[in-house]
file entry-v5.txt (compact mmCIF, C-alpha atoms)
# COMPACT_ATOMS: atom_id res chain seq x y z
CA MET A 115 17.56 -39.88 123.30
CA PHE A 116 20.21 -39.01 125.85
CA GLN A 117 23.68 -38.56 124.44
CA LEU A 118 26.68 -37.61 126.52
CA ASP A 119 28.21 -34.28 125.51
CA ARG A 120 31.35 -34.84 123.43
CA ARG A 121 33.55 -32.69 125.63
CA LEU A 122 32.52 -34.60 128.76
CA LEU A 123 33.16 -37.83 126.86
CA ASN A 124 36.65 -36.68 125.87
CA ASP A 125 37.67 -35.28 129.26
CA THR A 126 36.56 -38.23 131.39
CA ILE A 127 36.79 -41.97 131.94
CA PRO A 128 33.46 -43.83 132.34
CA VAL A 129 32.87 -45.37 135.77
CA GLY A 130 29.33 -46.68 135.44
CA ARG A 131 25.65 -45.98 135.74
CA LEU A 132 23.72 -44.95 138.82
CA GLY A 133 19.91 -45.01 138.77
CA LEU A 134 19.56 -41.67 136.99
CA SER A 135 23.07 -40.51 136.24
CA ARG A 136 26.06 -41.54 134.23
CA LEU A 137 29.13 -41.53 136.51
CA LEU A 138 32.41 -40.29 135.05
CA LEU A 139 35.92 -39.84 136.39
CA MET A 140 37.55 -36.58 135.28
CA ASN A 141 40.85 -37.43 133.63
CA ASN A 142 42.85 -35.21 135.96
CA ARG A 143 44.94 -36.99 138.55
CA LEU A 144 45.51 -33.83 140.60
CA TRP A 145 42.16 -34.39 142.32
CA PRO A 146 39.78 -37.33 142.78
CA TRP A 147 37.01 -35.78 140.68
CA LEU A 148 33.74 -37.43 139.70
CA ILE A 149 30.98 -36.11 137.46
CA LEU A 150 27.33 -37.15 137.50
CA VAL A 151 25.31 -36.59 134.33
CA PRO A 152 21.56 -37.21 134.65
CA GLU A 153 20.58 -39.19 131.56
CA ARG A 154 17.86 -36.81 130.48
CA PRO A 155 18.10 -35.25 127.02
CA GLY A 156 18.13 -31.48 126.65
CA VAL A 157 18.40 -30.60 130.34
CA THR A 158 20.81 -27.78 131.20
CA GLU A 159 19.50 -26.57 134.57
CA LEU A 160 18.55 -28.38 137.77
CA TYR A 161 15.06 -26.88 137.84
CA GLN A 162 14.29 -28.44 134.45
CA LEU A 163 14.45 -31.94 135.94
CA SER A 164 11.23 -33.41 137.34
CA PRO A 165 10.89 -33.42 141.15
CA ALA A 166 11.27 -37.22 141.08
CA ASP A 167 14.52 -36.95 139.13
CA ARG A 168 15.78 -34.24 141.49
CA ALA A 169 15.04 -36.44 144.51
CA CYS A 170 17.00 -39.23 142.84
CA LEU A 171 19.87 -36.93 141.86
CA ILE A 172 20.43 -35.50 145.32
CA GLU A 173 20.64 -39.01 146.76
CA GLU A 174 23.08 -40.11 144.05
CA LEU A 175 25.12 -37.01 144.80
CA ALA A 176 25.12 -37.76 148.54
CA VAL A 177 26.11 -41.41 148.00
CA VAL A 178 28.95 -40.46 145.67
CA ALA A 179 30.11 -37.70 148.05
CA ALA A 180 30.01 -40.00 151.09
CA HIS A 181 32.08 -42.63 149.24
CA MET A 182 34.57 -40.00 148.07
CA ALA A 183 34.94 -38.87 151.70
CA ALA A 184 35.44 -42.46 152.89
CA LEU A 185 37.86 -43.45 150.12
CA PHE A 186 40.04 -40.35 150.01
CA SER A 187 39.64 -38.58 153.39
CA PRO A 188 39.72 -35.09 151.87
CA ASP A 189 39.66 -31.91 153.95
CA LYS A 190 36.55 -30.80 152.01
CA LEU A 191 34.35 -31.86 149.14
CA ASN A 192 33.44 -29.35 146.46
CA LEU A 193 30.15 -29.78 144.61
CA GLY A 194 29.20 -27.76 141.57
CA ALA A 195 26.99 -27.52 138.53
CA LEU A 196 28.31 -24.73 136.32
CA GLY A 197 27.89 -25.53 132.63
CA ASN A 198 29.42 -22.34 131.26
CA LEU A 199 31.45 -24.39 128.78
CA VAL A 200 29.33 -27.57 128.62
CA PRO A 201 25.64 -26.69 129.03
CA GLN A 202 24.47 -30.32 129.44
CA LEU A 203 23.55 -30.62 133.13
CA HIS A 204 26.42 -32.28 134.99
CA LEU A 205 27.48 -32.20 138.63
CA HIS A 206 31.02 -32.22 139.91
CA VAL A 207 32.12 -33.91 143.14
CA ILE A 208 35.74 -33.08 143.88
CA ALA A 209 37.95 -34.06 146.81
CA ARG A 210 39.99 -31.11 148.06
CA TRP A 211 42.94 -30.74 150.40
CA ARG A 212 44.43 -27.69 152.09
CA ASP A 213 47.70 -28.35 150.29
CA ASP A 214 46.25 -29.06 146.83
CA PRO A 215 47.34 -26.92 143.84
CA ALA A 216 44.20 -24.73 143.77
CA TRP A 217 43.26 -24.43 147.46
CA PRO A 218 41.33 -22.44 148.63
CA GLY A 219 40.14 -21.47 145.15
CA PRO A 220 37.90 -23.64 142.97
CA VAL A 221 39.50 -26.21 140.64
CA TRP A 222 37.38 -25.04 137.69
CA GLY A 223 39.32 -22.61 135.57
CA CYS A 224 42.55 -22.95 137.58
CA GLY A 225 44.22 -24.47 134.53
CA ARG A 226 45.94 -27.31 136.37
CA SER A 227 45.52 -30.73 134.81
CA GLU A 228 47.50 -33.97 134.61
CA SER A 229 46.16 -37.06 132.86
CA TYR A 230 46.10 -40.48 134.52
CA ALA A 231 48.27 -43.28 133.22
CA ASP A 232 45.91 -45.93 131.75
CA SER A 233 46.64 -48.48 134.46
CA GLU A 234 46.18 -45.90 137.21
CA ALA A 235 42.83 -44.79 135.78
CA GLN A 236 41.60 -48.35 135.44
CA ALA A 237 42.61 -49.22 139.01
CA LEU A 238 40.77 -46.15 140.31
CA VAL A 239 37.66 -46.82 138.20
CA THR A 240 37.56 -50.39 139.52
CA ARG A 241 37.98 -49.16 143.10
CA LEU A 242 35.26 -46.54 142.70
CA GLY A 243 32.93 -48.92 140.87
CA GLU A 244 33.27 -51.57 143.58
CA ALA A 245 32.77 -49.06 146.40
CA LEU A 246 29.68 -47.61 144.73
CA GLY A 247 28.37 -50.95 143.44
CA VAL A 248 27.92 -49.59 139.92
CA THR A 249 28.02 -51.43 136.63
CA VAL A 250 31.04 -50.32 134.66
CA THR A 251 30.15 -48.78 131.31
CA LYS A 252 32.31 -49.06 128.24
CA GLU A 253 32.12 -46.29 125.69
CA THR A 254 33.86 -45.64 122.43
CA LYS A 255 35.17 -42.13 122.12
CA MET B 190 21.49 -24.45 167.89
CA PHE B 191 22.01 -23.20 164.35
CA GLN B 192 24.07 -20.07 164.03
CA LEU B 193 24.97 -18.49 160.73
CA ASP B 194 28.70 -18.37 160.09
CA ARG B 195 30.07 -14.91 160.76
CA ARG B 196 31.71 -14.56 157.37
CA LEU B 197 28.46 -15.44 155.58
CA LEU B 198 26.68 -12.94 157.82
CA ASN B 199 29.18 -10.20 156.94
CA ASP B 200 29.29 -10.86 153.20
CA THR B 201 25.54 -11.06 152.60
CA ILE B 202 22.18 -9.36 153.02
CA PRO B 203 19.39 -11.47 154.53
CA VAL B 204 16.47 -12.22 152.21
CA GLY B 205 14.37 -14.57 154.31
CA ARG B 206 13.70 -18.12 155.37
CA LEU B 207 12.70 -21.05 153.21
CA GLY B 208 11.47 -24.26 154.84
CA LEU B 209 14.93 -25.58 155.64
CA SER B 210 17.35 -22.89 154.53
CA ARG B 211 18.25 -19.33 155.34
CA LEU B 212 18.28 -17.35 152.08
CA LEU B 213 20.97 -14.69 151.66
CA LEU B 214 21.92 -12.24 148.94
CA MET B 215 25.66 -11.99 148.35
CA ASN B 216 26.66 -8.36 148.67
CA ASN B 217 28.24 -8.26 145.21
CA ARG B 218 26.30 -6.38 142.58
CA LEU B 219 28.35 -7.84 139.71
CA TRP B 220 26.10 -10.92 139.75
CA PRO B 221 22.66 -11.78 141.12
CA TRP B 222 23.97 -14.26 143.67
CA LEU B 223 21.94 -16.06 146.30
CA ILE B 224 23.10 -18.40 149.04
CA LEU B 225 21.05 -21.08 150.78
CA VAL B 226 22.20 -22.20 154.23
CA PRO B 227 20.35 -25.21 155.66
CA GLU B 228 19.61 -24.34 159.28
CA ARG B 229 21.25 -27.44 160.70
CA PRO B 230 24.09 -27.00 163.20
CA GLY B 231 27.47 -28.55 162.51
CA VAL B 232 26.78 -29.71 158.94
CA THR B 233 29.59 -29.13 156.45
CA GLU B 234 28.83 -31.70 153.74
CA LEU B 235 25.65 -32.54 151.82
CA TYR B 236 25.82 -36.20 152.80
CA GLN B 237 25.63 -35.27 156.49
CA LEU B 238 22.07 -33.98 156.06
CA SER B 239 19.22 -36.45 156.55
CA PRO B 240 17.54 -37.77 153.38
CA ALA B 241 14.44 -35.73 154.30
CA ASP B 242 16.50 -32.55 154.59
CA ARG B 243 18.23 -33.31 151.29
CA ALA B 244 14.89 -33.77 149.56
CA CYS B 245 13.81 -30.41 150.95
CA LEU B 246 17.07 -28.72 150.02
CA ILE B 247 17.07 -29.80 146.38
CA GLU B 248 13.53 -28.44 145.98
CA GLU B 249 14.48 -25.15 147.62
CA LEU B 250 17.47 -24.98 145.30
CA ALA B 251 15.28 -25.65 142.26
CA VAL B 252 12.69 -23.03 143.27
CA VAL B 253 15.36 -20.41 143.89
CA ALA B 254 17.11 -21.27 140.60
CA ALA B 255 13.85 -21.15 138.61
CA HIS B 256 13.04 -17.73 140.06
CA MET B 257 16.55 -16.46 139.35
CA ALA B 258 16.13 -17.61 135.74
CA ALA B 259 12.72 -15.91 135.46
CA LEU B 260 13.78 -12.65 137.14
CA PHE B 261 17.17 -12.15 135.51
CA SER B 262 17.17 -14.19 132.26
CA PRO B 263 20.80 -15.26 132.62
CA ASP B 264 22.66 -17.28 129.99
CA LYS B 265 23.41 -19.89 132.67
CA LEU B 266 23.00 -20.54 136.35
CA ASN B 267 25.95 -21.72 138.39
CA LEU B 268 25.31 -23.84 141.47
CA GLY B 269 27.99 -24.73 143.95
CA ALA B 270 28.76 -25.92 147.45
CA LEU B 271 32.47 -25.44 148.10
CA GLY B 272 33.16 -24.46 151.69
CA ASN B 273 36.94 -24.20 151.41
CA LEU B 274 36.85 -20.90 153.28
CA VAL B 275 33.53 -21.24 155.14
CA PRO B 276 32.95 -24.90 156.07
CA GLN B 277 29.29 -24.39 157.17
CA LEU B 278 27.23 -26.04 154.41
CA HIS B 279 25.96 -23.35 152.04
CA LEU B 280 24.86 -23.46 148.44
CA HIS B 281 25.44 -20.75 145.85
CA VAL B 282 23.01 -19.94 143.04
CA ILE B 283 24.56 -17.40 140.68
CA ALA B 284 23.21 -15.87 137.48
CA ARG B 285 25.85 -15.78 134.75
CA TRP B 286 26.15 -14.04 131.39
CA ARG B 287 28.52 -14.58 128.51
CA ASP B 288 29.75 -11.00 128.89
CA ASP B 289 30.11 -11.01 132.69
CA PRO B 290 33.52 -10.22 134.30
CA ALA B 291 34.42 -13.86 135.07
CA TRP B 292 32.85 -15.79 132.16
CA PRO B 293 33.45 -18.64 131.39
CA GLY B 294 35.34 -19.17 134.65
CA PRO B 295 33.69 -19.51 138.06
CA VAL B 296 32.96 -16.39 140.12
CA TRP B 297 34.50 -17.92 143.24
CA GLY B 298 38.06 -16.79 143.64
CA CYS B 299 37.96 -14.40 140.67
CA GLY B 300 38.45 -11.49 143.04
CA ARG B 301 35.81 -9.25 141.49
CA SER B 302 33.39 -7.68 143.93
CA GLU B 303 31.34 -4.49 144.15
CA SER B 304 28.99 -3.80 147.05
CA TYR B 305 25.36 -2.77 146.54
CA ALA B 306 24.19 0.67 147.53
CA ASP B 307 21.78 0.25 150.48
CA SER B 308 18.71 1.29 148.49
CA GLU B 309 19.64 -0.99 145.60
CA ALA B 310 20.11 -3.97 147.93
CA GLN B 311 16.82 -3.34 149.69
CA ALA B 312 14.94 -3.06 146.39
CA LEU B 313 16.45 -6.33 145.20
CA VAL B 314 15.76 -8.12 148.50
CA THR B 315 12.14 -6.98 148.33
CA ARG B 316 11.84 -8.13 144.72
CA LEU B 317 13.37 -11.52 145.51
CA GLY B 318 11.36 -11.95 148.69
CA GLU B 319 8.10 -11.22 146.90
CA ALA B 320 8.92 -13.52 143.97
CA LEU B 321 9.86 -16.35 146.32
CA GLY B 322 7.15 -15.63 148.87
CA VAL B 323 9.60 -15.68 151.76
CA THR B 324 9.42 -13.90 155.07
CA VAL B 325 12.12 -11.29 155.24
CA THR B 326 14.55 -11.82 158.11
CA LYS B 327 16.24 -9.00 159.96
CA GLU B 328 19.59 -9.70 161.52
CA THR B 329 22.02 -7.59 163.42
CA LYS B 330 25.58 -7.99 162.24
call {"tool": "encode", "arguments": {"input": "entry-v5.txt", "output": "structure tokens"}}
result
Amino acid sequence: MFQLDRRLLNDTIPVGRLGLSRLLLMNNRLWPWLILVPERPGVTELYQLSPADRACLIEELAVVAAHMAALFSPDKLNLGALGNLVPQLHLHVIARWRDDPAWPGPVWGCGRSESYADSEAQALVTRLGEALGVTVTKETK
Amino acid sequence: MFQLDRRLLNDTIPVGRLGLSRLLLMNNRLWPWLILVPERPGVTELYQLSPADRACLIEELAVVAAHMAALFSPDKLNLGALGNLVPQLHLHVIARWRDDPAWPGPVWGCGRSESYADSEAQALVTRLGEALGVTVTKETK
């Protein structure tokens, strides 16, 4: 059975479910930063997914990225699947600006983080959920 | 017409062509590091590709990643599409080890680089090309 990695659970705010992936908002208000986690147990690398799941994932990634671009008008989107700290396969979609605190470097490992206020996070989750047409998930940490 | 970004051209060694993407070896012997560049002019973001191209790209990415895993037995693969410095859409596939110079951080922006000797690069390109069954490209820088 699929279970979300505890670190991902702790570092994020649930947004909802896409067809294959759980959608999470990274709790770091320095960047609009979403994470997709394909709900497949035991998968750590992209090539371990079935071709059908990969086809689904790339479309979910594109839809999320296109909405991030439309909602936030970033200078660039950064996509990544690293997993050095959390092996469970998860994909980052991050809005970047030329004047953001890590530009032009990656945000991973830059050590800059600032939590959302609860109301701010909820407003953003609602906005994202409505734009993406996803069902909001509620999880107990 | 598609033209490979000059910085990508300068920083890499050509491996060959996949169905959609140009395959390049990053000229940094600290990590086995491949780059896929979809041969579509003017594309900077994944969502700008057609759904058919995306379906092709994710399979090319999976095949390259699976071969990297088989050839190098890394602890983890890192995938990324950043483009903060080179906007032309390109995807990194990097083999990572727990004792490598940037672990657990990302390799992008870590500032560690060591060029291949010519013979070493050519041996690796041949090995990769044979494993992936790609036609080796020759380019003039």
call {"tool": "calpha_fit_and_write", "arguments": {"input": "entry-v5.txt", "fixed": "chain B", "moving": "chain A", "output": "PDB file with C-alpha atoms, in the coordinates of the input"}}
result
ATOM      1  CA  MET A 115      21.470 -24.401 167.912  1.00  0.00           C
ATOM      2  CA  PHE A 116      22.001 -23.207 164.366  1.00  0.00           C
ATOM      3  CA  GLN A 117      24.062 -20.064 164.043  1.00  0.00           C
ATOM      4  CA  LEU A 118      24.966 -18.480 160.741  1.00  0.00           C
ATOM      5  CA  ASP A 119      28.712 -18.383 160.101  1.00  0.00           C
ATOM      6  CA  ARG A 120      30.081 -14.893 160.768  1.00  0.00           C
ATOM      7  CA  ARG A 121      31.709 -14.559 157.371  1.00  0.00           C
ATOM      8  CA  LEU A 122      28.462 -15.429 155.579  1.00  0.00           C
ATOM      9  CA  LEU A 123      26.685 -12.936 157.832  1.00  0.00           C
ATOM     10  CA  ASN A 124      29.178 -10.200 156.949  1.00  0.00           C
ATOM     11  CA  ASP A 125      29.302 -10.860 153.202  1.00  0.00           C
ATOM     12  CA  THR A 126      25.553 -11.067 152.592  1.00  0.00           C
ATOM     13  CA  ILE A 127      22.202  -9.355 153.016  1.00  0.00           C
ATOM     14  CA  PRO A 128      19.395 -11.480 154.537  1.00  0.00           C
ATOM     15  CA  VAL A 129      16.481 -12.219 152.204  1.00  0.00           C
ATOM     16  CA  GLY A 130      14.378 -14.573 154.300  1.00  0.00           C
ATOM     17  CA  ARG A 131      13.691 -18.110 155.369  1.00  0.00           C
ATOM     18  CA  LEU A 132      12.695 -21.043 153.207  1.00  0.00           C
ATOM     19  CA  GLY A 133      11.460 -24.259 154.837  1.00  0.00           C
ATOM     20  CA  LEU A 134      14.938 -25.566 155.640  1.00  0.00           C
ATOM     21  CA  SER A 135      17.347 -22.882 154.537  1.00  0.00           C
ATOM     22  CA  ARG A 136      18.238 -19.329 155.330  1.00  0.00           C
ATOM     23  CA  LEU A 137      18.278 -17.322 152.076  1.00  0.00           C
ATOM     24  CA  LEU A 138      20.975 -14.679 151.664  1.00  0.00           C
ATOM     25  CA  LEU A 139      21.917 -12.239 148.930  1.00  0.00           C
ATOM     26  CA  MET A 140      25.675 -11.998 148.354  1.00  0.00           C
ATOM     27  CA  ASN A 141      26.670  -8.358 148.658  1.00  0.00           C
ATOM     28  CA  ASN A 142      28.241  -8.261 145.211  1.00  0.00           C
ATOM     29  CA  ARG A 143      26.313  -6.377 142.569  1.00  0.00           C
ATOM     30  CA  LEU A 144      28.351  -7.845 139.705  1.00  0.00           C
ATOM     31  CA  TRP A 145      26.107 -10.920 139.737  1.00  0.00           C
ATOM     32  CA  PRO A 146      22.652 -11.770 141.102  1.00  0.00           C
ATOM     33  CA  TRP A 147      23.967 -14.263 143.660  1.00  0.00           C
ATOM     34  CA  LEU A 148      21.926 -16.061 146.302  1.00  0.00           C
ATOM     35  CA  ILE A 149      23.105 -18.406 149.038  1.00  0.00           C
ATOM     36  CA  LEU A 150      21.046 -21.074 150.786  1.00  0.00           C
ATOM     37  CA  VAL A 151      22.192 -22.199 154.231  1.00  0.00           C
ATOM     38  CA  PRO A 152      20.345 -25.214 155.663  1.00  0.00           C
ATOM     39  CA  GLU A 153      19.615 -24.342 159.287  1.00  0.00           C
ATOM     40  CA  ARG A 154      21.235 -27.435 160.714  1.00  0.00           C
ATOM     41  CA  PRO A 155      24.068 -26.996 163.213  1.00  0.00           C
ATOM     42  CA  GLY A 156      27.453 -28.548 162.516  1.00  0.00           C
ATOM     43  CA  VAL A 157      26.772 -29.698 158.956  1.00  0.00           C
ATOM     44  CA  THR A 158      29.590 -29.124 156.460  1.00  0.00           C
ATOM     45  CA  GLU A 159      28.824 -31.685 153.742  1.00  0.00           C
ATOM     46  CA  LEU A 160      25.660 -32.550 151.829  1.00  0.00           C
ATOM     47  CA  TYR A 161      25.811 -36.218 152.806  1.00  0.00           C
ATOM     48  CA  GLN A 162      25.629 -35.273 156.493  1.00  0.00           C
ATOM     49  CA  LEU A 163      22.074 -33.979 156.064  1.00  0.00           C
ATOM     50  CA  SER A 164      19.224 -36.453 156.564  1.00  0.00           C
ATOM     51  CA  PRO A 165      17.541 -37.760 153.388  1.00  0.00           C
ATOM     52  CA  ALA A 166      14.441 -35.727 154.307  1.00  0.00           C
ATOM     53  CA  ASP A 167      16.500 -32.546 154.594  1.00  0.00           C
ATOM     54  CA  ARG A 168      18.244 -33.308 151.295  1.00  0.00           C
ATOM     55  CA  ALA A 169      14.887 -33.771 149.557  1.00  0.00           C
ATOM     56  CA  CYS A 170      13.808 -30.408 150.948  1.00  0.00           C
ATOM     57  CA  LEU A 171      17.084 -28.715 150.005  1.00  0.00           C
ATOM     58  CA  ILE A 172      17.060 -29.801 146.378  1.00  0.00           C
ATOM     59  CA  GLU A 173      13.533 -28.446 145.974  1.00  0.00           C
ATOM     60  CA  GLU A 174      14.478 -25.145 147.623  1.00  0.00           C
ATOM     61  CA  LEU A 175      17.464 -24.982 145.301  1.00  0.00           C
ATOM     62  CA  ALA A 176      15.284 -25.651 142.243  1.00  0.00           C
ATOM     63  CA  VAL A 177      12.698 -23.037 143.280  1.00  0.00           C
ATOM     64  CA  VAL A 178      15.366 -20.407 143.885  1.00  0.00           C
ATOM     65  CA  ALA A 179      17.113 -21.282 140.597  1.00  0.00           C
ATOM     66  CA  ALA A 180      13.864 -21.159 138.604  1.00  0.00           C
ATOM     67  CA  HIS A 181      13.031 -17.725 140.064  1.00  0.00           C
ATOM     68  CA  MET A 182      16.547 -16.453 139.355  1.00  0.00           C
ATOM     69  CA  ALA A 183      16.136 -17.612 135.739  1.00  0.00           C
ATOM     70  CA  ALA A 184      12.735 -15.907 135.454  1.00  0.00           C
ATOM     71  CA  LEU A 185      13.793 -12.656 137.134  1.00  0.00           C
ATOM     72  CA  PHE A 186      17.177 -12.143 135.503  1.00  0.00           C
ATOM     73  CA  SER A 187      17.173 -14.178 132.252  1.00  0.00           C
ATOM     74  CA  PRO A 188      20.808 -15.255 132.611  1.00  0.00           C
ATOM     75  CA  ASP A 189      22.652 -17.278 129.975  1.00  0.00           C
ATOM     76  CA  LYS A 190      23.416 -19.909 132.650  1.00  0.00           C
ATOM     77  CA  LEU A 191      22.996 -20.548 136.340  1.00  0.00           C
ATOM     78  CA  ASN A 192      25.958 -21.724 138.380  1.00  0.00           C
ATOM     79  CA  LEU A 193      25.312 -23.848 141.462  1.00  0.00           C
ATOM     80  CA  GLY A 194      27.990 -24.743 143.963  1.00  0.00           C
ATOM     81  CA  ALA A 195      28.748 -25.923 147.458  1.00  0.00           C
ATOM     82  CA  LEU A 196      32.460 -25.444 148.094  1.00  0.00           C
ATOM     83  CA  GLY A 197      33.162 -24.458 151.695  1.00  0.00           C
ATOM     84  CA  ASN A 198      36.936 -24.202 151.406  1.00  0.00           C
ATOM     85  CA  LEU A 199      36.845 -20.890 153.277  1.00  0.00           C
ATOM     86  CA  VAL A 200      33.522 -21.245 155.139  1.00  0.00           C
ATOM     87  CA  PRO A 201      32.941 -24.899 156.068  1.00  0.00           C
ATOM     88  CA  GLN A 202      29.299 -24.394 157.162  1.00  0.00           C
ATOM     89  CA  LEU A 203      27.233 -26.037 154.408  1.00  0.00           C
ATOM     90  CA  HIS A 204      25.955 -23.344 152.047  1.00  0.00           C
ATOM     91  CA  LEU A 205      24.861 -23.450 148.418  1.00  0.00           C
ATOM     92  CA  HIS A 206      25.435 -20.759 145.849  1.00  0.00           C
ATOM     93  CA  VAL A 207      23.008 -19.933 143.033  1.00  0.00           C
ATOM     94  CA  ILE A 208      24.557 -17.407 140.675  1.00  0.00           C
ATOM     95  CA  ALA A 209      23.211 -15.869 137.473  1.00  0.00           C
ATOM     96  CA  ARG A 210      25.863 -15.773 134.756  1.00  0.00           C
ATOM     97  CA  TRP A 211      26.149 -14.043 131.403  1.00  0.00           C
ATOM     98  CA  ARG A 212      28.531 -14.580 128.502  1.00  0.00           C
ATOM     99  CA  ASP A 213      29.741 -11.009 128.898  1.00  0.00           C
ATOM    100  CA  ASP A 214      30.100 -11.005 132.699  1.00  0.00           C
ATOM    101  CA  PRO A 215      33.504 -10.224 134.283  1.00  0.00           C
ATOM    102  CA  ALA A 216      34.413 -13.862 135.054  1.00  0.00           C
ATOM    103  CA  TRP A 217      32.854 -15.788 132.147  1.00  0.00           C
ATOM    104  CA  PRO A 218      33.464 -18.636 131.392  1.00  0.00           C
ATOM    105  CA  GLY A 219      35.350 -19.152 134.655  1.00  0.00           C
ATOM    106  CA  PRO A 220      33.684 -19.516 138.057  1.00  0.00           C
ATOM    107  CA  VAL A 221      32.951 -16.381 140.113  1.00  0.00           C
ATOM    108  CA  TRP A 222      34.496 -17.922 143.244  1.00  0.00           C
ATOM    109  CA  GLY A 223      38.058 -16.777 143.643  1.00  0.00           C
ATOM    110  CA  CYS A 224      37.961 -14.404 140.651  1.00  0.00           C
ATOM    111  CA  GLY A 225      38.444 -11.483 143.025  1.00  0.00           C
ATOM    112  CA  ARG A 226      35.802  -9.244 141.471  1.00  0.00           C
ATOM    113  CA  SER A 227      33.387  -7.663 143.916  1.00  0.00           C
ATOM    114  CA  GLU A 228      31.325  -4.476 144.139  1.00  0.00           C
ATOM    115  CA  SER A 229      28.980  -3.778 147.041  1.00  0.00           C
ATOM    116  CA  TYR A 230      25.355  -2.753 146.533  1.00  0.00           C
ATOM    117  CA  ALA A 231      24.181   0.695 147.518  1.00  0.00           C
ATOM    118  CA  ASP A 232      21.775   0.251 150.479  1.00  0.00           C
ATOM    119  CA  SER A 233      18.710   1.283 148.498  1.00  0.00           C
ATOM    120  CA  GLU A 234      19.639  -0.995 145.604  1.00  0.00           C
ATOM    121  CA  ALA A 235      20.118  -3.968 147.934  1.00  0.00           C
ATOM    122  CA  GLN A 236      16.826  -3.345 149.688  1.00  0.00           C
ATOM    123  CA  ALA A 237      14.932  -3.052 146.394  1.00  0.00           C
ATOM    124  CA  LEU A 238      16.441  -6.339 145.200  1.00  0.00           C
ATOM    125  CA  VAL A 239      15.754  -8.132 148.499  1.00  0.00           C
ATOM    126  CA  THR A 240      12.127  -6.984 148.344  1.00  0.00           C
ATOM    127  CA  ARG A 241      11.838  -8.132 144.724  1.00  0.00           C
ATOM    128  CA  LEU A 242      13.384 -11.515 145.494  1.00  0.00           C
ATOM    129  CA  GLY A 243      11.366 -11.956 148.684  1.00  0.00           C
ATOM    130  CA  GLU A 244       8.093 -11.214 146.891  1.00  0.00           C
ATOM    131  CA  ALA A 245       8.920 -13.514 143.970  1.00  0.00           C
ATOM    132  CA  LEU A 246       9.871 -16.351 146.312  1.00  0.00           C
ATOM    133  CA  GLY A 247       7.133 -15.639 148.867  1.00  0.00           C
ATOM    134  CA  VAL A 248       9.602 -15.685 151.756  1.00  0.00           C
ATOM    135  CA  THR A 249       9.414 -13.899 155.072  1.00  0.00           C
ATOM    136  CA  VAL A 250      12.128 -11.284 155.246  1.00  0.00           C
ATOM    137  CA  THR A 251      14.542 -11.831 158.120  1.00  0.00           C
ATOM    138  CA  LYS A 252      16.248  -9.038 159.979  1.00  0.00           C
ATOM    139  CA  GLU A 253      19.605  -9.748 161.539  1.00  0.00           C
ATOM    140  CA  THR A 254      22.052  -7.676 163.488  1.00  0.00           C
ATOM    141  CA  LYS A 255      25.594  -8.035 162.281  1.00  0.00           C
TER     142      LYS A 255
END
call {"tool": "interface_residues", "arguments": {"input": "entry-v5.txt", "of": "chain A", "to": "chain B", "cutoff": "6 Å", "atoms": "all atoms listed in the file", "output": "CSV table (one decimal) with C-alpha atoms, in the coordinates of the input"}}
result
chain,number,residue,atom,x,y,z
A,161,TYR,CA,15.1,-26.9,137.8
A,169,ALA,CA,15.0,-36.4,144.5
A,176,ALA,CA,25.1,-37.8,148.5
A,180,ALA,CA,30.0,-40.0,151.1
A,192,ASN,CA,33.4,-29.4,146.5
A,193,LEU,CA,30.2,-29.8,144.6
A,194,GLY,CA,29.2,-27.8,141.6
A,195,ALA,CA,27.0,-27.5,138.5
A,196,LEU,CA,28.3,-24.7,136.3
A,198,ASN,CA,29.4,-22.3,131.3
A,218,PRO,CA,41.3,-22.4,148.6
A,219,GLY,CA,40.1,-21.5,145.2
A,223,GLY,CA,39.3,-22.6,135.6
call {"tool": "atom_distance", "arguments": {"input": "entry-v5.txt", "atom1": "atom CA of Thr249 of chain A", "atom2": "atom CA of Ser227 of chain A"}}
result
27.2 Å
call {"tool": "closest_residue", "arguments": {"input": "entry-v5.txt", "among": "B:Val204, B:Ala284, B:Asp194, B:Trp222", "to": "Leu321 of chain B", "atoms": "only C-alpha atoms"}}
result
B:Val204
call {"tool": "closest_residue", "arguments": {"input": "entry-v5.txt", "among": "B:Val323, B:Val314, B:Ala306, B:Leu278", "to": "Gly205 of chain B", "atoms": "all atoms listed in the file"}}
result
B:Val323
call {"tool": "atom_distance", "arguments": {"input": "entry-v5.txt", "atom1": "atom CA of Ser164 of chain A", "atom2": "atom CA of Leu122 of chain A"}}
result
23.0 Å
call {"tool": "closest_residue", "arguments": {"input": "entry-v5.txt", "among": "B:Leu198, B:Met215, B:Leu317, B:Leu207", "to": "Glu228 of chain B", "atoms": "all atoms listed in the file"}}
result
B:Leu207
call {"tool": "residues_around", "arguments": {"input": "entry-v5.txt", "residues": "Gln192 of chain B", "least_positions_apart": "3", "cutoff": "12 Å", "atoms": "all atoms listed in the file", "output": "list of chain:residue names"}}
result
B:Arg195, B:Arg196, B:Leu197, B:Leu198, B:Ser210, B:Arg211, B:Val226, B:Pro227, B:Glu228, B:Arg229, B:Pro230, B:Gly231, B:Val232, B:Gln277, B:Leu278, B:Glu328
call {"tool": "write_last_selection", "arguments": {"input": "entry-v5.txt", "atoms": "C-alpha atoms", "output": "short mmCIF file (atom, residue, chain, number, x, y, z; two decimals), in the frame of the given file"}}
result
data_model
loop_
_atom_site.label_atom_id
_atom_site.label_comp_id
_atom_site.auth_asym_id
_atom_site.auth_seq_id
_atom_site.Cartn_x
_atom_site.Cartn_y
_atom_site.Cartn_z
CA ARG B 195 30.07 -14.91 160.76
CA ARG B 196 31.71 -14.56 157.37
CA LEU B 197 28.46 -15.44 155.58
CA LEU B 198 26.68 -12.94 157.82
CA SER B 210 17.35 -22.89 154.53
CA ARG B 211 18.25 -19.33 155.34
CA VAL B 226 22.20 -22.20 154.23
CA PRO B 227 20.35 -25.21 155.66
CA GLU B 228 19.61 -24.34 159.28
CA ARG B 229 21.25 -27.44 160.70
CA PRO B 230 24.09 -27.00 163.20
CA GLY B 231 27.47 -28.55 162.51
CA VAL B 232 26.78 -29.71 158.94
CA GLN B 277 29.29 -24.39 157.17
CA LEU B 278 27.23 -26.04 154.41
CA GLU B 328 19.59 -9.70 161.52
#
